[in-house]
>>> print(open('query.txt').read())   # compact mmCIF, C-alpha atoms and all ligand atoms
# COMPACT_ATOMS: atom_id res chain seq x y z
CA MET A 1440 0.00 0.00 0.00
CA VAL A 1441 1.34 3.36 -1.03
CA ASP A 1442 0.35 6.98 -0.49
CA LYS A 1443 2.21 10.12 -1.52
CA ASN A 1444 4.83 9.74 1.21
CA GLN A 1445 5.02 6.18 2.50
CA THR A 1446 4.94 2.57 1.36
CA ILE A 1447 3.68 -0.22 3.59
CA ILE A 1448 4.94 -3.72 2.89
CA ILE A 1449 3.03 -6.48 4.64
CA ALA A 1450 5.35 -9.14 6.06
CA LYS A 1451 3.53 -12.20 4.68
CA VAL A 1452 2.17 -10.61 1.52
CA LEU A 1453 2.76 -13.69 -0.66
CA THR A 1454 1.49 -16.32 1.75
CA ALA A 1455 -1.29 -14.81 3.87
CA GLU A 1456 -4.46 -12.84 3.19
CA LEU A 1457 -4.55 -9.20 4.20
CA ASP A 1458 -6.06 -9.07 7.66
CA ASP A 1459 -9.37 -7.11 7.79
CA SER A 1460 -8.59 -5.53 11.15
CA PHE A 1461 -5.24 -4.27 9.86
CA LEU A 1462 -6.94 -2.89 6.75
CA LEU A 1463 -9.41 -1.07 9.00
CA GLU A 1464 -6.50 0.33 10.98
CA VAL A 1465 -4.95 1.66 7.74
CA CYS A 1466 -8.31 3.29 6.82
CA CYS A 1467 -8.52 4.91 10.28
CA VAL A 1468 -4.97 6.26 10.03
CA LYS A 1469 -5.70 7.77 6.59
CA SER A 1470 -9.08 9.23 7.52
CA ASN A 1471 -7.57 10.81 10.66
CA GLY A 1472 -5.03 12.50 8.41
CA SER A 1473 -2.18 10.69 10.24
CA SER A 1474 0.95 9.30 8.63
CA LEU A 1475 1.25 5.62 7.64
CA GLN A 1476 4.45 5.78 9.69
CA THR A 1477 2.27 5.31 12.80
CA LEU A 1478 1.75 1.68 11.68
CA ALA A 1479 5.47 0.90 11.91
CA ASN A 1480 5.06 -0.69 15.36
CA SER A 1481 2.04 -2.81 14.44
CA GLY A 1482 4.20 -5.86 13.82
CA VAL A 1483 2.23 -6.53 10.63
CA CYS A 1484 4.16 -4.39 8.17
CA GLN A 1485 7.29 -2.43 7.44
CA VAL A 1486 6.91 1.24 6.53
CA PHE A 1487 9.27 2.93 4.07
CA SER A 1488 9.53 6.54 2.95
CA GLY A 1489 10.33 7.82 -0.52
CA PRO A 1490 9.40 6.75 -4.03
CA GLU A 1491 12.50 4.56 -4.56
CA VAL A 1492 10.88 1.79 -2.44
CA ILE A 1493 8.31 1.14 -5.16
CA GLN A 1494 11.13 0.66 -7.64
CA LYS A 1495 12.71 -1.88 -5.24
CA VAL A 1496 9.39 -3.76 -5.01
CA ILE A 1497 9.29 -3.90 -8.81
CA ASP A 1498 12.96 -4.86 -9.12
CA ASN A 1499 12.48 -7.72 -6.62
CA GLY A 1500 9.84 -9.23 -8.88
CA LEU A 1501 7.10 -8.93 -6.24
CA LEU A 1502 4.67 -7.62 -8.82
CA GLY A 1503 5.04 -10.27 -11.53
CA LYS A 1504 1.91 -12.16 -12.64
CA SER A 1505 3.10 -15.40 -11.04
CA THR A 1506 2.97 -13.83 -7.56
CA GLY A 1507 -0.82 -13.45 -7.81
CA LEU A 1508 -0.61 -9.78 -6.83
CA ALA A 1509 -2.32 -7.06 -8.84
CA PHE A 1510 -1.29 -3.40 -9.04
CA VAL A 1511 -4.19 -1.11 -8.09
CA ASP A 1512 -3.87 2.64 -8.78
CA CYS A 1513 -6.42 4.74 -6.86
CA SER A 1514 -4.48 7.98 -7.14
CA ALA A 1515 -5.39 10.88 -9.40
CA SER A 1516 -1.78 11.35 -10.43
CA ALA A 1517 0.09 11.26 -13.73
CA GLU A 1518 3.24 10.38 -11.73
CA THR A 1519 2.21 6.71 -11.58
CA ILE A 1520 2.37 6.24 -15.38
CA GLY A 1521 6.06 5.18 -15.35
CA VAL A 1522 5.45 2.54 -12.66
CA LEU A 1523 2.30 1.34 -14.45
CA ASN A 1524 4.25 0.82 -17.68
CA GLN A 1525 6.88 -1.18 -15.81
CA VAL A 1526 4.45 -3.48 -14.01
CA VAL A 1527 2.48 -4.07 -17.23
CA ASP A 1528 5.76 -5.05 -18.91
CA PHE A 1529 6.22 -7.63 -16.12
CA GLY A 1530 2.83 -9.14 -17.01
CA CYS A 1531 1.27 -7.87 -13.79
CA CYS A 1532 -2.51 -7.30 -13.79
CA VAL A 1533 -3.54 -3.70 -13.26
CA VAL A 1534 -6.75 -2.16 -11.90
CA LEU A 1535 -7.22 1.60 -12.25
CA ALA A 1536 -9.49 4.17 -10.68
CA ASN A 1537 -6.99 6.76 -11.93
CA LYS A 1538 -8.02 8.25 -15.29
CA LYS A 1539 -4.84 10.21 -15.95
CA PRO A 1540 -3.16 7.30 -17.79
CA LEU A 1541 -6.16 7.52 -20.20
CA THR A 1542 -6.54 3.78 -20.41
CA VAL A 1543 -9.49 1.67 -19.30
CA PRO A 1544 -10.09 2.59 -15.65
CA MET A 1545 -13.60 2.83 -14.33
CA VAL A 1546 -16.06 5.20 -16.00
CA GLY A 1547 -19.10 6.04 -13.90
CA ALA A 1548 -17.46 4.85 -10.63
CA GLY A 1549 -19.04 1.47 -9.75
CA LEU A 1550 -21.49 1.52 -12.68
CA PRO A 1551 -20.85 -1.27 -15.21
CA VAL A 1552 -20.27 1.13 -18.12
CA ILE A 1553 -16.99 -0.35 -19.44
CA ALA A 1554 -18.20 -3.92 -18.81
CA SER A 1555 -21.46 -3.32 -20.72
CA LEU A 1556 -19.68 -1.64 -23.60
CA ASN A 1557 -17.11 -4.46 -23.80
CA HIS A 1558 -19.99 -6.93 -23.81
CA ILE A 1559 -21.61 -5.22 -26.81
CA ILE A 1560 -18.29 -4.84 -28.64
CA SER A 1561 -17.29 -8.48 -28.15
CA SER A 1562 -20.65 -9.67 -29.50
CA GLY A 1563 -19.77 -7.87 -32.76
CA ASP A 1564 -22.66 -5.41 -32.38
CA PRO A 1565 -21.57 -2.07 -33.91
CA VAL A 1566 -22.03 0.89 -31.55
CA TYR A 1567 -23.31 4.02 -33.35
CA ARG A 1568 -23.75 6.47 -30.58
CA ILE A 1569 -23.19 7.00 -26.87
CA ILE A 1570 -24.82 9.90 -25.09
CA GLY A 1571 -24.80 10.49 -21.40
CA SER A 1572 -23.93 12.52 -18.38
CA LEU A 1573 -20.79 11.20 -16.75
CA SER A 1574 -19.86 13.66 -14.05
CA GLY A 1575 -21.27 12.98 -10.61
CA THR A 1576 -19.91 16.33 -9.47
CA LEU A 1577 -21.36 18.43 -12.30
CA GLY A 1578 -24.70 16.58 -12.08
CA TYR A 1579 -24.84 17.25 -8.35
CA VAL A 1580 -23.74 20.88 -8.72
CA MET A 1581 -26.29 21.60 -11.46
CA SER A 1582 -29.24 20.01 -9.70
CA GLU A 1583 -28.41 21.67 -6.36
CA VAL A 1584 -27.92 25.09 -7.96
CA GLU A 1585 -31.26 24.56 -9.78
CA ASP A 1586 -32.75 24.13 -6.30
CA GLY A 1587 -31.43 27.56 -5.36
CA LYS A 1588 -28.32 26.71 -3.34
CA PRO A 1589 -25.21 28.91 -3.76
CA PHE A 1590 -22.58 27.54 -6.14
CA SER A 1591 -19.65 27.74 -3.68
CA GLN A 1592 -21.61 25.93 -0.96
CA VAL A 1593 -22.60 23.18 -3.40
CA VAL A 1594 -19.02 22.68 -4.63
CA ASN A 1595 -17.78 22.39 -1.03
CA ALA A 1596 -20.51 19.83 -0.33
CA ALA A 1597 -19.58 17.82 -3.46
CA LYS A 1598 -15.98 17.69 -2.23
CA SER A 1599 -16.90 16.58 1.28
CA LEU A 1600 -19.27 13.93 -0.10
CA GLY A 1601 -16.31 12.42 -2.01
CA TYR A 1602 -17.73 13.22 -5.48
CA THR A 1603 -15.01 15.55 -6.76
CA GLU A 1604 -11.51 14.77 -7.94
CA PRO A 1605 -8.80 15.64 -5.39
CA ASP A 1606 -8.60 18.93 -7.32
CA PRO A 1607 -12.27 19.88 -8.01
CA ARG A 1608 -11.17 22.12 -10.90
CA ASP A 1609 -10.70 18.87 -12.88
CA ASP A 1610 -14.46 18.34 -12.57
CA LEU A 1611 -15.62 21.94 -12.91
CA GLY A 1612 -13.49 22.58 -16.00
CA GLY A 1613 -14.82 19.44 -17.71
CA MET A 1614 -11.43 17.70 -17.91
CA ASP A 1615 -12.50 14.69 -15.83
CA VAL A 1616 -15.46 14.02 -18.13
CA ALA A 1617 -13.28 14.60 -21.20
CA ARG A 1618 -10.95 11.81 -19.95
CA LYS A 1619 -13.89 9.43 -19.42
CA VAL A 1620 -15.29 10.12 -22.88
CA LEU A 1621 -11.89 9.67 -24.48
CA ILE A 1622 -11.54 6.30 -22.73
CA LEU A 1623 -14.95 5.19 -24.11
CA ALA A 1624 -14.14 6.49 -27.61
CA ARG A 1625 -10.84 4.58 -27.57
CA LEU A 1626 -12.69 1.41 -26.57
CA LEU A 1627 -14.73 1.92 -29.75
CA GLY A 1628 -11.47 2.01 -31.68
CA ARG A 1629 -11.35 5.78 -32.19
CA ARG A 1630 -7.78 7.12 -32.27
CA LEU A 1631 -8.30 10.37 -30.41
CA ASN A 1632 -6.42 12.52 -27.92
CA LEU A 1633 -7.68 15.08 -25.44
CA ASP A 1634 -6.78 17.81 -27.98
CA ASN A 1635 -9.31 16.37 -30.45
CA MET A 1636 -12.20 16.92 -28.06
CA LYS A 1637 -14.53 19.77 -28.82
CA LYS A 1638 -15.80 21.86 -25.92
CA ILE A 1639 -19.26 23.22 -26.51
CA GLU A 1640 -19.48 26.86 -25.49
CA ASP A 1641 -20.83 27.69 -22.10
CA ARG A 1642 -24.52 28.34 -22.64
CA ILE A 1643 -25.62 28.66 -19.03
CA LYS A 1644 -26.96 32.16 -19.64
CA GLN A 1645 -29.22 31.02 -22.46
CA VAL A 1646 -31.40 28.63 -20.46
CA SER A 1647 -34.93 29.82 -21.06
CA ALA A 1648 -38.01 29.55 -18.97
CA ASN A 1649 -39.41 26.88 -21.29
CA GLY A 1650 -38.86 23.99 -18.93
CA ASN A 1651 -35.34 23.09 -20.05
CA VAL A 1652 -32.38 22.42 -17.77
CA LEU A 1653 -28.62 22.40 -18.23
CA ARG A 1654 -26.70 19.16 -18.08
CA TYR A 1655 -23.06 18.38 -18.76
CA VAL A 1656 -23.50 15.99 -21.67
CA CYS A 1657 -21.07 13.70 -23.46
CA LEU A 1658 -21.65 12.44 -26.97
CA ILE A 1659 -19.76 9.96 -29.13
CA ASP A 1660 -20.99 9.14 -32.64
CA ASP A 1661 -19.38 8.55 -36.04
CA ALA A 1662 -18.58 12.22 -36.51
CA ARG A 1663 -18.28 13.61 -33.01
CA CYS A 1664 -16.64 13.05 -29.63
CA GLU A 1665 -17.62 16.00 -27.48
CA VAL A 1666 -18.42 17.08 -23.96
CA GLY A 1667 -20.08 20.22 -22.75
CA ILE A 1668 -23.02 22.00 -21.25
CA GLN A 1669 -26.29 21.44 -23.13
CA GLU A 1670 -29.83 22.60 -22.63
CA VAL A 1671 -32.02 19.49 -22.46
CA PRO A 1672 -35.75 18.98 -21.82
CA LYS A 1673 -36.46 18.66 -18.12
CA ASP A 1674 -38.42 15.43 -18.68
CA SER A 1675 -35.70 13.70 -20.74
CA ALA A 1676 -33.43 10.98 -19.29
CA LEU A 1677 -30.66 13.56 -18.94
CA GLY A 1678 -32.95 16.28 -17.61
CA ARG A 1679 -34.35 14.01 -14.93
CA LEU A 1680 -30.91 13.26 -13.47
CA ARG A 1681 -30.53 14.33 -9.87
CA GLY A 1682 -27.60 14.50 -7.51
CA SER A 1683 -24.46 12.57 -8.40
CA ASP A 1684 -26.24 10.12 -10.73
CA ASN A 1685 -24.69 9.34 -14.11
CA VAL A 1686 -26.59 8.06 -17.11
CA VAL A 1687 -25.22 6.47 -20.28
CA GLU A 1688 -27.31 5.53 -23.33
CA ILE A 1689 -25.62 3.17 -25.81
CA TYR A 1690 -27.10 2.89 -29.33
CA SER A 1691 -25.96 -0.03 -31.47
CA ARG A 1692 -27.44 -2.23 -34.21
CA CYS A 1693 -29.19 -4.31 -31.53
CA TYR A 1694 -30.08 -1.30 -29.39
CA GLU A 1695 -31.11 0.96 -32.26
CA LYS A 1696 -34.45 2.46 -31.21
CA GLN A 1697 -34.37 1.74 -27.49
CA PRO A 1698 -30.82 2.29 -26.22
CA LEU A 1699 -29.13 0.26 -23.51
CA VAL A 1700 -29.36 2.60 -20.51
CA ILE A 1701 -27.06 2.47 -17.49
CA GLN A 1702 -27.93 4.81 -14.66
CA GLY A 1703 -27.00 5.21 -11.02
CA ALA A 1704 -24.61 6.87 -8.58
CA GLY A 1705 -21.59 7.95 -10.60
CA ALA A 1706 -19.37 9.26 -7.82
CA GLY A 1707 -18.68 8.71 -4.16
CA ASN A 1708 -16.21 6.75 -2.08
CA ASP A 1709 -18.34 3.65 -1.52
CA THR A 1710 -19.42 3.13 -5.12
CA THR A 1711 -15.87 3.79 -6.33
CA ALA A 1712 -14.38 1.32 -3.84
CA ALA A 1713 -16.99 -1.28 -4.87
CA GLY A 1714 -16.06 -0.75 -8.54
CA VAL A 1715 -12.33 -1.15 -7.79
CA LEU A 1716 -13.02 -4.33 -5.80
CA ALA A 1717 -15.21 -5.74 -8.61
CA ASP A 1718 -12.39 -5.10 -11.11
CA ILE A 1719 -9.88 -6.85 -8.82
CA LEU A 1720 -12.20 -9.87 -8.52
CA ASP A 1721 -12.75 -9.87 -12.30
CA ILE A 1722 -9.07 -10.43 -13.00
CA GLN A 1723 -8.57 -13.28 -10.50
CA ASP A 1724 -9.24 -15.88 -13.21
CA LEU A 1725 -6.12 -14.63 -15.00
CA PHE A 1726 -3.92 -15.88 -12.17
CA PRO A 1727 -2.55 -19.42 -12.16
N1 LIG B 1 -14.39 9.78 -5.82
C1 LIG B 1 -15.07 9.23 -6.79
O1 LIG B 1 -16.30 9.26 -6.83
C2 LIG B 1 -14.35 8.54 -7.90
C3 LIG B 1 -13.00 8.62 -8.02
N2 LIG B 1 -12.37 7.99 -9.06
C4 LIG B 1 -10.95 8.15 -9.20
O2 LIG B 1 -10.29 7.67 -8.03
C5 LIG B 1 -9.06 8.37 -7.88
C6 LIG B 1 -8.90 8.83 -6.45
O3 LIG B 1 -9.92 9.71 -6.11
P1 LIG B 1 -10.19 10.06 -4.59
O4 LIG B 1 -10.18 8.81 -3.79
O5 LIG B 1 -11.36 10.94 -4.55
O6 LIG B 1 -8.86 10.91 -4.26
P2 LIG B 1 -8.09 11.09 -2.86
O7 LIG B 1 -7.28 12.33 -2.98
O8 LIG B 1 -9.03 10.94 -1.72
O9 LIG B 1 -7.10 9.84 -2.81
C7 LIG B 1 -6.01 9.75 -3.66
C8 LIG B 1 -4.96 8.87 -2.96
O10 LIG B 1 -3.87 8.68 -3.87
C9 LIG B 1 -2.66 8.92 -3.15
N3 LIG B 1 -1.66 9.40 -4.11
C10 LIG B 1 -1.66 10.54 -4.82
N4 LIG B 1 -0.57 10.63 -5.61
C11 LIG B 1 0.14 9.50 -5.38
C12 LIG B 1 1.38 8.99 -5.87
N5 LIG B 1 2.10 9.66 -6.78
N6 LIG B 1 1.80 7.79 -5.42
C13 LIG B 1 1.09 7.10 -4.51
N7 LIG B 1 -0.10 7.52 -4.01
C14 LIG B 1 -0.55 8.71 -4.44
C15 LIG B 1 -2.99 9.97 -2.12
O11 LIG B 1 -2.04 9.92 -1.10
P3 LIG B 1 -2.11 10.91 0.19
O12 LIG B 1 -3.16 10.29 1.08
O13 LIG B 1 -0.74 10.85 0.76
O14 LIG B 1 -2.49 12.26 -0.33
C16 LIG B 1 -4.39 9.52 -1.69
O15 LIG B 1 -4.32 8.55 -0.68
C17 LIG B 1 -9.09 9.53 -8.89
O16 LIG B 1 -8.27 9.20 -9.99
C18 LIG B 1 -10.54 9.61 -9.32
O17 LIG B 1 -10.70 10.04 -10.65
C19 LIG B 1 -13.03 7.24 -9.98
C20 LIG B 1 -14.38 7.09 -9.90
C21 LIG B 1 -15.16 7.77 -8.87
N1 LIG B 2 -15.02 13.26 -9.91
C1 LIG B 2 -15.74 12.25 -10.63
C2 LIG B 2 -15.75 10.98 -9.85
C3 LIG B 2 -15.76 9.81 -10.71
O1 LIG B 2 -15.01 9.62 -11.65
C4 LIG B 2 -17.17 12.70 -10.86
O2 LIG B 2 -17.58 13.71 -10.28
O3 LIG B 2 -17.87 12.06 -11.67
>>> encode(input="query.txt", output="structure tokens")
Amino acid sequence: MVDKNQTIIIAKVLTAELDDSFLLEVCCVKSNGSSLQTLANSGVCQVFSGPEVIQKVIDNGLLGKSTGLAFVDCSASAETIGVLNQVVDFGCCVVLANKKPLTVPMVGAGLPVIASLNHIISSGDPVYRIIGSLSGTLGYVMSEVEDGKPFSQVVNAAKSLGYTEPDPRDDLGGMDVARKVLILARLLGRRLNLDNMKKIEDRIKQVSANGNVLRYVCLIDDARCEVGIQEVPKDSALGRLRGSDNVVEIYSRCYEKQPLVIQGAGAGNDTTAAGVLADILDIQDLFP
């Protein structure tokens, strides 16, 4: 286990399961804002400081596929990309919540968006269009501001509820959604980069009194891959979204008139942790 400053190495990592009570202790230390160093006397682990320890773990072959250990990146950092490349080269299985490497992490937190899309793709069903709202933070902010709450108060609440990225500007500026959409477009075989994404102009001021609402919408079709604020009917699937819910509609040959719809909580610590755990369990069949 690694945070920005320390690495914990469990003594019997290759032979024994991680003890639940120790895991709980680690969670308590982190949520109290204390240092992992406080666990040094637990007798369960050794605690090291500095990034070079991770390199030692890699060099000692602890992260090869044959060890049965997976590498799980729950940071929001681009600094992990070098380590990720190395462990992938060793044949180690990787699970990502981190979107900065721009390769298949979770999209929609615990929602089965990637799994459903992979299912459609592997059945040979061509996907024509994906439309959705994929930011728990922006969904929450928009519906709370609609209800008359002040923007700054709502953004603070979104952060304390665990919806935002560590730096909420990633959500508010649309970059977090842009990463998710790029990841989906790449799954469809589109060779795009973040620079290719078109940002629709801010149209907040133009919302009329005709029953429409603003939603941060993402759209992928043959011609477009775009994210931005759109005015949508209040009674549409997107308009009805409340709180941190995400919704994704997938249109394919089989789902031509009635799209496959995935909807539910798209941000939050619990749903994200459940999604990471599901991904870890999914890869266990790959181990000998
Ligand atoms: N919250 C959500 O609803 C969802 C989040 N995600 C993704 O999960 C990731 C984490 O989000 P969240 O849990 O909210 O963020 P937090 O800031 O709460 O947690 C990030 C953790 O990563 C650690 N970390 C940061 N940089 C490094 C590094 N270079 N090496 C090792 N550890 C590092 C931090 O260490 P330290 O404690 O020392 O700061 C911290 O413990 C993000 O990529 C986000 O996009 C995905 C889906 C939903
Ligand atoms: N910050 C993200 C969390 C999930 O990726 C969001 O608000 O949707």
>>> closest_atom_pairs(input="query.txt", of="chain A", to="ligand LIG 2 (chain B)", cutoff="6 Å", atoms="all atoms listed in the file", output="CSV")
residue,atom,partner,partner_atom,distance
A:Gly1547,CA,B:LIG2,O1,5.9
A:Ala1548,CA,B:LIG2,C3,5.2
A:Leu1573,CA,B:LIG2,O3,5.9
A:Ser1574,CA,B:LIG2,O3,3.5
A:Gly1575,CA,B:LIG2,O3,3.7
A:Thr1576,CA,B:LIG2,O2,3.6
A:Tyr1602,CA,B:LIG2,O2,4.8
A:Thr1603,CA,B:LIG2,N1,3.9
A:Glu1604,CA,B:LIG2,N1,4.3
A:Asp1610,CA,B:LIG2,N1,5.8
A:Gly1705,CA,B:LIG2,O3,5.6
A:Ala1706,CA,B:LIG2,C2,4.5
>>> residues_around(input="query.txt", residues="Glu1585 (chain A)", least_positions_apart="3", cutoff="12 Å", atoms="only C-alpha atoms", output="list in words")
Leu1577, Gly1578, Tyr1579, Val1580, Met1581, Ser1582, Lys1588, Pro1589, Phe1590, Val1593, Ile1643, Val1646, Gly1650, Asn1651, Val1652, Leu1653, Arg1654, Lys1673, Gly1678, Leu1680, Arg1681 and Gly1682 of chain A
>>> residues_near_ligand(input="query.txt", ligand="ligand LIG 1 (chain B)", cutoff="6 Å", atoms="all atoms listed in the file", output="ChimeraX atom specification")
/A:1441-1444,1513-1516,1518-1519,1536-1538,1548,1601-1605,1706-1708,1711
>>> atom_distance(input="query.txt", atom1="CA of Leu1501 (chain A)", atom2="CA of Ser1488 (chain A)")
18.2 Å
>>> closest_residue(input="query.txt", among="A:Leu1453, A:Ile1447, A:Leu1725, A:Val1715", to="Gly1489 (chain A)", atoms="only C-alpha atoms")
A:Ile1447
>>> atom_distance(input="query.txt", atom1="CA of Leu1633 (chain A)", atom2="CA of Val1620 (chain A)")
9.4 Å
>>> residues_around(input="query.txt", residues="Leu1550 (chain A)", least_positions_apart="2", cutoff="12 Å", atoms="all atoms listed in the file", output="PyMOL selection string")
chain A and resi 1544-1548+1552-1556+1573+1575+1684-1687+1700-1707+1709-1715+1717-1718
>>> atom_distance(input="query.txt", atom1="CA of Ser1474 (chain A)", atom2="CA of Ser1460 (chain A)")
17.8 Å
>>> residues_around(input="query.txt", residues="Arg1568 (chain A)", least_positions_apart="5", cutoff="6 Å", atoms="only C-alpha atoms", output="PyMOL selection string")
chain A and resi 1659-1660+1690
>>> write_last_selection(input="query.txt", atoms="C-alpha atoms", output="mmCIF file, keeping the file's coordinate frame")
data_model
loop_
_atom_site.group_PDB
_atom_site.id
_atom_site.type_symbol
_atom_site.label_atom_id
_atom_site.label_comp_id
_atom_site.auth_asym_id
_atom_site.auth_seq_id
_atom_site.Cartn_x
_atom_site.Cartn_y
_atom_site.Cartn_z
ATOM 1 C CA ILE A 1659 -19.760 9.960 -29.130
ATOM 2 C CA ASP A 1660 -20.990 9.140 -32.640
ATOM 3 C CA TYR A 1690 -27.100 2.890 -29.330
#
>>> closest_residue(input="query.txt", among="A:Lys1598, A:Asn1649, A:Asp1634, A:Asn1557", to="Pro1672 (chain A)", atoms="all atoms listed in the file")
A:Asn1649
>>> residues_around(input="query.txt", residues="Cys1531 (chain A)", least_positions_apart="3", cutoff="10 Å", atoms="all atoms listed in the file", output="PDB file with C-alpha atoms, in the coordinates of the input")
ATOM      1  CA  GLY A1500       9.840  -9.230  -8.880  1.00  0.00           C
ATOM      2  CA  LEU A1501       7.100  -8.930  -6.240  1.00  0.00           C
ATOM      3  CA  LEU A1502       4.670  -7.620  -8.820  1.00  0.00           C
ATOM      4  CA  GLY A1503       5.040 -10.270 -11.530  1.00  0.00           C
ATOM      5  CA  LYS A1504       1.910 -12.160 -12.640  1.00  0.00           C
ATOM      6  CA  SER A1505       3.100 -15.400 -11.040  1.00  0.00           C
ATOM      7  CA  THR A1506       2.970 -13.830  -7.560  1.00  0.00           C
ATOM      8  CA  GLY A1507      -0.820 -13.450  -7.810  1.00  0.00           C
ATOM      9  CA  LEU A1508      -0.610  -9.780  -6.830  1.00  0.00           C
ATOM     10  CA  ALA A1509      -2.320  -7.060  -8.840  1.00  0.00           C
ATOM     11  CA  PHE A1510      -1.290  -3.400  -9.040  1.00  0.00           C
ATOM     12  CA  LEU A1523       2.300   1.340 -14.450  1.00  0.00           C
ATOM     13  CA  ASN A1524       4.250   0.820 -17.680  1.00  0.00           C
ATOM     14  CA  GLN A1525       6.880  -1.180 -15.810  1.00  0.00           C
ATOM     15  CA  VAL A1526       4.450  -3.480 -14.010  1.00  0.00           C
ATOM     16  CA  VAL A1527       2.480  -4.070 -17.230  1.00  0.00           C
ATOM     17  CA  ASP A1528       5.760  -5.050 -18.910  1.00  0.00           C
ATOM     18  CA  PHE A1726      -3.920 -15.880 -12.170  1.00  0.00           C
TER      19      PHE A1726
END
>>> residues_around(input="query.txt", residues="Ala1617 (chain A)", least_positions_apart="3", cutoff="8 Å", atoms="all atoms listed in the file", output="PyMOL selection string")
chain A and resi 1613-1614+1620-1621+1633+1636+1665-1666
>>> closest_residue(input="query.txt", among="A:Ala1479, A:Val1566, A:Ile1689, A:Ile1668", to="Ile1449 (chain A)", atoms="all atoms listed in the file")
A:Ala1479
